[in-house]
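J.: Questions regarding the structure given below will be posed in turn.
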Amino acid sequence: QVQLVESGGGLVQAGGSLRLSCAVSGIIWRIDDMGWYRQGPGKQRELVATITRGGSENYVDSVKGRFTISRDNAKNTVALQMNSLKPEDTAVYYCRADPWIGSPIWGQGTQVTVSS
């Protein structure tokens, strides 16, 4: 069974940085888009950033210029570098992978808390 394993969340002060990582566990033939989503307290899950297999990136406006998504196709990993963090970035962050065939796969989520 294919799973996504996330790491890198934690507590940081406003203005600080964190790096989230996500790795595919199990055998999968090909992954197309990969991305990060988040769900803050009392909010719906929202897209943060996505990256295509070819490396095209997309970000929600609120994180542009502060977050950077990257991936390693050979290792089936995706990362999210988060700089200049704000209290409103506090959320559970989820990794997502879209296989070429089949339904999207989600990670278990990792908590990011930004204190003011």
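Ligands are numbered from 1 in the order shown, residues from 1 within each chain, and chains are lettered A, B, ... in the order they appear in the structure tokens.
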I'd like the contact shell of Val63 (chain A) - 9 Å cut-off, only C-alpha atoms, skipping same-chain residues fewer than 2 positions apart - returned as an MDAnalysis selection string.
T.: chainID A and resid 48:49 59:61 65:68 82 89
J.: Suppose we keep N, CA, C and O atoms; can you now write the selection as a PDB file, in the first residue's frame?
T.:
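Final output, saved to result-v3.pdb:
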ATOM      1  N   VAL A  48      -2.024  25.176  -0.775  1.00  0.00           N
ATOM      2  CA  VAL A  48      -0.902  26.072  -0.473  1.00  0.00           C
ATOM      3  C   VAL A  48      -0.003  26.200  -1.695  1.00  0.00           C
ATOM      4  O   VAL A  48       0.295  27.307  -2.143  1.00  0.00           O
ATOM      5  N   ALA A  49       0.435  25.060  -2.213  1.00  0.00           N
ATOM      6  CA  ALA A  49       1.340  25.066  -3.368  1.00  0.00           C
ATOM      7  C   ALA A  49       1.277  23.716  -4.062  1.00  0.00           C
ATOM      8  O   ALA A  49       1.095  22.684  -3.405  1.00  0.00           O
ATOM      9  N   TYR A  59       1.162  28.722  -6.431  1.00  0.00           N
ATOM     10  CA  TYR A  59       1.031  29.070  -5.017  1.00  0.00           C
ATOM     11  C   TYR A  59      -0.258  29.850  -4.760  1.00  0.00           C
ATOM     12  O   TYR A  59      -0.706  30.626  -5.609  1.00  0.00           O
ATOM     13  N   VAL A  60      -0.802  29.675  -3.583  1.00  0.00           N
ATOM     14  CA  VAL A  60      -1.873  30.559  -3.149  1.00  0.00           C
ATOM     15  C   VAL A  60      -1.261  31.935  -2.900  1.00  0.00           C
ATOM     16  O   VAL A  60      -0.085  32.043  -2.505  1.00  0.00           O
ATOM     17  N   ASP A  61      -2.025  32.990  -3.165  1.00  0.00           N
ATOM     18  CA  ASP A  61      -1.476  34.345  -3.096  1.00  0.00           C
ATOM     19  C   ASP A  61      -0.844  34.661  -1.746  1.00  0.00           C
ATOM     20  O   ASP A  61       0.172  35.362  -1.660  1.00  0.00           O
ATOM     21  N   GLY A  65       6.185  34.389  -2.550  1.00  0.00           N
ATOM     22  CA  GLY A  65       7.358  35.119  -2.105  1.00  0.00           C
ATOM     23  C   GLY A  65       7.906  34.655  -0.770  1.00  0.00           C
ATOM     24  O   GLY A  65       9.006  35.064  -0.371  1.00  0.00           O
ATOM     25  N   ARG A  66       7.162  33.807  -0.066  1.00  0.00           N
ATOM     26  CA  ARG A  66       7.618  33.316   1.243  1.00  0.00           C
ATOM     27  C   ARG A  66       7.839  31.802   1.246  1.00  0.00           C
ATOM     28  O   ARG A  66       8.738  31.311   1.925  1.00  0.00           O
ATOM     29  N   PHE A  67       7.029  31.074   0.517  1.00  0.00           N
ATOM     30  CA  PHE A  67       7.127  29.611   0.470  1.00  0.00           C
ATOM     31  C   PHE A  67       7.671  29.169  -0.881  1.00  0.00           C
ATOM     32  O   PHE A  67       7.396  29.797  -1.915  1.00  0.00           O
ATOM     33  N   THR A  68       8.410  28.069  -0.873  1.00  0.00           N
ATOM     34  CA  THR A  68       8.921  27.479  -2.099  1.00  0.00           C
ATOM     35  C   THR A  68       8.707  25.977  -2.064  1.00  0.00           C
ATOM     36  O   THR A  68       9.118  25.306  -1.106  1.00  0.00           O
ATOM     37  N   MET A  82       9.329  27.082   4.037  1.00  0.00           N
ATOM     38  CA  MET A  82       8.463  28.168   4.491  1.00  0.00           C
ATOM     39  C   MET A  82       9.303  29.197   5.243  1.00  0.00           C
ATOM     40  O   MET A  82       9.879  28.881   6.285  1.00  0.00           O
ATOM     41  N   ASP A  89      -0.304  31.434   9.303  1.00  0.00           N
ATOM     42  CA  ASP A  89       0.141  30.203   8.639  1.00  0.00           C
ATOM     43  C   ASP A  89      -0.069  28.974   9.528  1.00  0.00           C
ATOM     44  O   ASP A  89       0.141  27.848   9.072  1.00  0.00           O
TER      45      ASP A  89
END
J.: Write out as an MDAnalysis selection string the set of residues from chain A that DSSP, computed on the backbone, places in strand (DSSP E or B).
T.: chainID A and resid 3:7 10:13 18:25 31:39 46:51 57:59 67:72 77:82 91:99 105:106 110:115
J.: Name all residues at most 12 Å from region 2-19 of chain A (count only C-alpha atoms; drop same-chain ones fewer than 2 positions away) and give them as a ChimeraX atom specification.
T.: /A:21-31,34-36,38,66-70,76-99,102-116
J.: If you measure from CA of Arg53 (chain A) to CA of Gln1 (chain A), what distance in Å do you get, rounded to one decimal?
T.: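 Interatomic distance here is 21.8 Å.
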J.: So, counting only C-alpha atoms, which residue among A:Asp33, A:Leu20, A:Ile101, A:Gly42 is closest to Gly55 (chain A)?
T.: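 Nearest to Gly55 (chain A): A:Asp33.
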J.: Record the distance separating CA of Trp100 (chain A) and CA of Asp32 (chain A), expressed in Å with one decimal.
T.: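 About the pair CA of Trp100 (chain A) and CA of Asp32 (chain A): they are 5.7 Å apart.
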